[in-house]
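Have a look at the structure below before the remarks.
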Amino acid sequence: METTQQERGNWGSTAGFILAAAGSAIGLGNIWRFPYMTGQNGGAAFVLIYLVFVALIGIPVMIAELTIGRHTQKNPVGAFLKIVPGTSWHWLGMLGVITGVAILSFYAVVAGWTLGYFFKALVGDFNRAMTPEVLGKLFTGFIGNPAIAIALLAAFMGITMLVVVRGVSEGIERWSKILMPLLFLLLLMLSIRSVTLPGAGKGLEFYLKPDLSKIHPETVAQALGQALFSLSLGMGAMITYGSYLSKRDDIPKAAVSVAIFDTLIAVLAGLMIFPALFSAGLDPAGGPGLVFVVLPSIFAKMPGGWFFGSSFFLLLSVAALTSTISLLEVPVSYLVDEKGWTRKKAVGLTGLFTFVLGIPSAISQGSSAWFSKLPVVAMDFLSLMNALFGNYSLSVGAFFISVFIGYKWGVSAAVSEVRTGGNSFPLSGSWGFVVRFICPIAIFFVLAYIAVTGRYF
Ligand code: PHE
């Protein structure tokens, strides 16, 4: 079913688009996933590789996705069907749709935890007497309660569905505009607090002084996955958001701004976590619970900790919401554009399916012994989904997107799309080179290396 530009909706303005795309990018990926990945992968060396990947692969692939989206005004599957009909390329879009649903299923579980922690902070659960050990037990007890985890997953999916059903500019843009700047301010305050704690220096050293001997093939693979995950790349979220862009919008500028905002937030999140973590004597490789244990231990000792704690978890929930919205928008726009479903039906059925798929992740944190330690891979279901879809599927997606631009659609066709509406693209030559050579070759080597060594996680 063809929808006209008018019915499809557009972003209110370029600034509105940048905020919405930054809203998609900024989320649990920056504040929950980035610090724990950094902690598990040896600290500053991981951060360094991550930053290189953001600049070298992230920004070029973001330009690629936005360009495909704006050119076709379609969802990821429809976009490839439109540019190269009769080929298999639309399967790349399908991979994106599937990856979106899979990421959303575990992402909404963690988003549910943040919502739960908002309520906990609000009722003053992290009071002065709490030690990091007690806070650790509080967290494992909380996520190990199946009823709570499933109820919070349902609540978060429900809120996401309510926003997505209302369509892009009304639902998505409005949320991002007000709350993202607030989150930034709060992160800034908390990182200042964190770096001034006693013993913070060791944390800063871990976070900022690279020890190159800590770089392993998995480290590189995880840094690549993290860069793509954090920027919402490799699954067509930015194709979908780009499809609501107008021809007058400046794509490279939007991509660079989004990448800068996103990276700034991640770097700040690390500055907030690591000094406080070392100050409290915790283990940086503590895994997915990191923010949920480290931060309450700061709030517990901080004047007005109740206020800062509840504001933090509320804003983090909102940041997660602007990301879950973009994750759900991918399958929904596919079903609406390609299958002719109504928005309501698409949101209802996809949301329900994602919720059901999220249940194993929700009960994989202690409540179900089987899902908490799966046979063969010896890890919990949530972490497995996170690695498979949050790292590898996105890497495969980004590989093929750059191959598509470089060798199928063609760099010059893409560049002329970027330039329509009178926009300039001064670095188009370098972009073409990076998309044709650097991106696919670098991603290929990362994936091939871990395939050969067999150390995936
Ligand atoms: N980038 C989001 C975050 O950092 C997660 C996300 C990944 C959103 C992929 C959309 C697509 O939280």
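In the structure tokens, chains take letters A, B, ... by order of appearance, with residues numbered from 1 within each chain and ligands from 1 in the order shown.
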Counting only C-alpha atoms, which residues of region 192-287 of chain A fall within 12 Å of region 65-89 of chain A, and what is the closest atom pair for each with its distance in Å at one decimal, ordered by chain and rising number, as a tab-separated table?
```
residue	atom	partner	partner_atom	distance
A:Leu231	CA	A:Glu65	CA	11.4
A:Ser232	CA	A:Glu65	CA	10.3
A:Leu233	CA	A:Glu65	CA	7.9
A:Gly234	CA	A:Glu65	CA	8.4
A:Met235	CA	A:Pro76	CA	8.1
A:Gly236	CA	A:Pro76	CA	5.5
A:Ala237	CA	A:Pro76	CA	8.0
A:Met238	CA	A:Glu65	CA	5.5
A:Ile239	CA	A:Gly69	CA	4.1
A:Thr240	CA	A:Asn75	CA	5.1
A:Tyr241	CA	A:Gly69	CA	7.0
A:Gly242	CA	A:Leu66	CA	4.3
A:Ser243	CA	A:Gln73	CA	4.0
A:Tyr244	CA	A:Gln73	CA	6.6
A:Leu245	CA	A:Arg70	CA	5.8
A:Ser246	CA	A:Arg70	CA	7.1
A:Lys247	CA	A:Arg70	CA	7.5
A:Arg248	CA	A:Arg70	CA	10.6
A:Asp249	CA	A:Arg70	CA	9.6
A:Asp250	CA	A:Thr67	CA	10.1
A:Ile251	CA	A:Leu66	CA	6.8
A:Pro252	CA	A:Leu66	CA	9.0
A:Lys253	CA	A:Leu66	CA	11.3
A:Ala254	CA	A:Leu66	CA	9.2
A:Ala255	CA	A:Leu66	CA	8.1
A:Val256	CA	A:Leu66	CA	11.8
A:Val258	CA	A:Leu66	CA	11.7
```
Next on the checklist: Just want the residues within 6 Å of ligand 1, written as a list in words, counting only C-alpha atoms and all ligand atoms.
Outcome noted: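 The residues within 6 Å of ligand 1, counting only C-alpha atoms and all ligand atoms, are Ser24, Ala25, Ile26, Gly27, Leu28, Gly29, Asn30, Phe229, Ser230, Leu231, Ser232, Leu233, Ala237, Ser323, Ser326 and Leu327 of chain A.
A straight line drawn from CA of Arg419 (chain A) to CA of Ala20 (chain A) is 21.9 Å long.
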Write out, as JSON lines, each residue of region 197-225 of chain A that has an atom at most 6 Å from region 276-289 of chain A, together with the closest pair of atoms and their distance in Å to one decimal, counting only C-alpha atoms, rows going by chain and rising number.
```
{"residue": "A:Gly199", "atom": "CA", "partner": "A:Ser279", "partner_atom": "CA", "distance": 4.7}
{"residue": "A:Ala200", "atom": "CA", "partner": "A:Ser279", "partner_atom": "CA", "distance": 5.3}
{"residue": "A:Gly203", "atom": "CA", "partner": "A:Phe278", "partner_atom": "CA", "distance": 5.1}
```
Next, dump the selected residues to file, keeping only N, CA and C atoms, as a PDB file, in the first residue's frame.
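File written: out.pdb
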```pdb
ATOM      1  N   GLY A 199      39.150   8.209  46.469  1.00  0.00           N
ATOM      2  CA  GLY A 199      39.563   6.999  45.744  1.00  0.00           C
ATOM      3  C   GLY A 199      39.079   6.975  44.301  1.00  0.00           C
ATOM      4  N   ALA A 200      38.596   8.120  43.811  1.00  0.00           N
ATOM      5  CA  ALA A 200      38.071   8.163  42.447  1.00  0.00           C
ATOM      6  C   ALA A 200      39.178   8.011  41.401  1.00  0.00           C
ATOM      7  N   GLY A 203      39.588   4.831  39.478  1.00  0.00           N
ATOM      8  CA  GLY A 203      38.518   4.656  38.495  1.00  0.00           C
ATOM      9  C   GLY A 203      38.821   5.423  37.221  1.00  0.00           C
TER      10      GLY A 203
END
```
Item to check | DSSP alpha helix (DSSP H) residues within region 220-293 of chain A, listed as a ChimeraX atom specification | outcome: /A:220-230,237-242,251-279,290-293
Residues as selected, N, CA and C atoms, written as a tab-separated table (two decimals), in the first residue's frame, can you do that?
```
chain	number	residue	atom	x	y	z
A	220	VAL	N	37.63	-6.24	20.48
A	220	VAL	CA	37.40	-5.46	19.27
A	220	VAL	C	35.98	-5.71	18.76
A	221	ALA	N	35.56	-6.97	18.76
A	221	ALA	CA	34.22	-7.31	18.28
A	221	ALA	C	33.14	-6.65	19.15
A	222	GLN	N	33.37	-6.64	20.46
A	222	GLN	CA	32.39	-6.05	21.36
A	222	GLN	C	32.36	-4.54	21.20
A	223	ALA	N	33.52	-3.93	20.96
A	223	ALA	CA	33.55	-2.48	20.78
A	223	ALA	C	32.81	-2.09	19.50
A	224	LEU	N	32.97	-2.90	18.47
A	224	LEU	CA	32.24	-2.64	17.23
A	224	LEU	C	30.74	-2.75	17.48
A	225	GLY	N	30.33	-3.86	18.12
A	225	GLY	CA	28.91	-4.05	18.43
A	225	GLY	C	28.39	-2.90	19.26
A	226	GLN	N	29.17	-2.47	20.25
A	226	GLN	CA	28.73	-1.40	21.13
A	226	GLN	C	28.56	-0.08	20.36
A	227	ALA	N	29.50	0.21	19.46
A	227	ALA	CA	29.39	1.45	18.68
A	227	ALA	C	28.11	1.43	17.85
A	228	LEU	N	27.82	0.29	17.21
A	228	LEU	CA	26.62	0.22	16.37
A	228	LEU	C	25.36	0.25	17.23
A	229	PHE	N	25.38	-0.51	18.31
A	229	PHE	CA	24.21	-0.57	19.19
A	229	PHE	C	23.89	0.82	19.72
A	230	SER	N	24.92	1.51	20.17
A	230	SER	CA	24.71	2.81	20.79
A	230	SER	C	24.18	3.82	19.79
A	237	ALA	N	16.98	1.08	11.85
A	237	ALA	CA	16.26	2.09	12.63
A	237	ALA	C	16.47	3.47	12.01
A	238	MET	N	17.69	3.72	11.55
A	238	MET	CA	17.98	5.03	10.95
A	238	MET	C	17.47	5.10	9.51
A	239	ILE	N	17.26	3.94	8.86
A	239	ILE	CA	16.57	3.98	7.55
A	239	ILE	C	15.14	4.44	7.80
A	240	THR	N	14.53	3.85	8.81
A	240	THR	CA	13.14	4.19	9.12
A	240	THR	C	13.01	5.65	9.53
A	241	TYR	N	13.90	6.13	10.44
A	241	TYR	CA	13.82	7.53	10.85
A	241	TYR	C	14.15	8.45	9.68
A	242	GLY	N	15.09	8.03	8.83
A	242	GLY	CA	15.44	8.83	7.66
A	242	GLY	C	14.27	8.95	6.69
A	251	ILE	N	21.75	15.70	5.80
A	251	ILE	CA	22.00	14.38	6.39
A	251	ILE	C	23.36	14.26	7.09
A	252	PRO	N	24.48	14.64	6.43
A	252	PRO	CA	25.77	14.48	7.13
A	252	PRO	C	25.82	15.26	8.43
A	253	LYS	N	25.25	16.46	8.40
A	253	LYS	CA	25.27	17.27	9.61
A	253	LYS	C	24.45	16.59	10.72
A	254	ALA	N	23.30	16.07	10.33
A	254	ALA	CA	22.46	15.38	11.31
A	254	ALA	C	23.20	14.17	11.88
A	255	ALA	N	23.85	13.40	11.01
A	255	ALA	CA	24.55	12.19	11.46
A	255	ALA	C	25.67	12.53	12.43
A	256	VAL	N	26.44	13.57	12.07
A	256	VAL	CA	27.56	13.94	12.94
A	256	VAL	C	27.03	14.46	14.29
A	257	SER	N	25.98	15.27	14.25
A	257	SER	CA	25.44	15.77	15.52
A	257	SER	C	24.94	14.64	16.41
A	258	VAL	N	24.22	13.71	15.82
A	258	VAL	CA	23.69	12.60	16.61
A	258	VAL	C	24.83	11.79	17.23
A	259	ALA	N	25.86	11.52	16.40
A	259	ALA	CA	26.98	10.73	16.90
A	259	ALA	C	27.70	11.46	18.04
A	260	ILE	N	27.84	12.78	17.91
A	260	ILE	CA	28.52	13.53	18.96
A	260	ILE	C	27.70	13.51	20.26
A	261	PHE	N	26.41	13.77	20.17
A	261	PHE	CA	25.57	13.72	21.37
A	261	PHE	C	25.65	12.36	22.04
A	262	ASP	N	25.50	11.34	21.21
A	262	ASP	CA	25.44	9.98	21.74
A	262	ASP	C	26.74	9.60	22.45
A	263	THR	N	27.86	9.96	21.81
A	263	THR	CA	29.15	9.60	22.37
A	263	THR	C	29.43	10.38	23.65
A	264	LEU	N	29.02	11.64	23.64
A	264	LEU	CA	29.18	12.48	24.83
A	264	LEU	C	28.45	11.86	26.03
A	265	ILE	N	27.26	11.39	25.79
A	265	ILE	CA	26.47	10.81	26.88
A	265	ILE	C	27.13	9.53	27.38
A	266	ALA	N	27.63	8.70	26.45
A	266	ALA	CA	28.29	7.46	26.87
A	266	ALA	C	29.53	7.77	27.69
A	267	VAL	N	30.34	8.72	27.19
A	267	VAL	CA	31.58	9.06	27.90
A	267	VAL	C	31.26	9.60	29.30
A	268	LEU	N	30.23	10.43	29.38
A	268	LEU	CA	29.82	10.95	30.69
A	268	LEU	C	29.34	9.84	31.61
A	269	ALA	N	28.61	8.88	31.03
A	269	ALA	CA	28.11	7.77	31.85
A	269	ALA	C	29.28	7.02	32.47
A	270	GLY	N	30.34	6.84	31.68
A	270	GLY	CA	31.53	6.17	32.21
A	270	GLY	C	32.18	6.97	33.32
A	271	LEU	N	32.22	8.30	33.12
A	271	LEU	CA	32.81	9.18	34.14
A	271	LEU	C	31.99	9.15	35.43
A	272	MET	N	30.72	8.88	35.27
A	272	MET	CA	29.84	8.82	36.44
A	272	MET	C	30.01	7.49	37.17
A	273	ILE	N	30.21	6.41	36.39
A	273	ILE	CA	30.24	5.08	36.99
A	273	ILE	C	31.61	4.72	37.58
A	274	PHE	N	32.70	4.84	36.78
A	274	PHE	CA	33.94	4.21	37.21
A	274	PHE	C	34.58	4.81	38.46
A	275	PRO	N	34.67	6.14	38.58
A	275	PRO	CA	35.23	6.67	39.82
A	275	PRO	C	34.42	6.21	41.04
A	276	ALA	N	33.09	6.25	40.93
A	276	ALA	CA	32.25	5.84	42.06
A	276	ALA	C	32.42	4.35	42.35
A	277	LEU	N	32.56	3.58	41.27
A	277	LEU	CA	32.71	2.13	41.43
A	277	LEU	C	34.01	1.79	42.18
A	278	PHE	N	35.11	2.43	41.76
A	278	PHE	CA	36.37	2.15	42.44
A	278	PHE	C	36.36	2.70	43.85
A	279	SER	N	35.70	3.83	44.02
A	279	SER	CA	35.60	4.43	45.35
A	279	SER	C	34.84	3.50	46.30
A	290	LEU	N	25.82	-3.33	36.89
A	290	LEU	CA	26.71	-2.23	37.27
A	290	LEU	C	26.01	-0.92	37.66
A	291	VAL	N	25.24	-0.33	36.73
A	291	VAL	CA	24.60	0.96	37.08
A	291	VAL	C	23.62	0.84	38.23
A	292	PHE	N	23.00	-0.34	38.35
A	292	PHE	CA	21.95	-0.49	39.36
A	292	PHE	C	22.53	-0.68	40.75
A	293	VAL	N	23.82	-0.95	40.82
A	293	VAL	CA	24.45	-1.10	42.14
A	293	VAL	C	25.31	0.11	42.47
```
Next on the checklist: I need the residue nearest Ile450 (chain A) from this list: A:Val97, A:Arg193, A:Thr350, A:His216. Use only C-alpha atoms for the distance.
Outcome noted: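 Among the listed residues, the smallest separation from Ile450 (chain A) belongs to A:His216.
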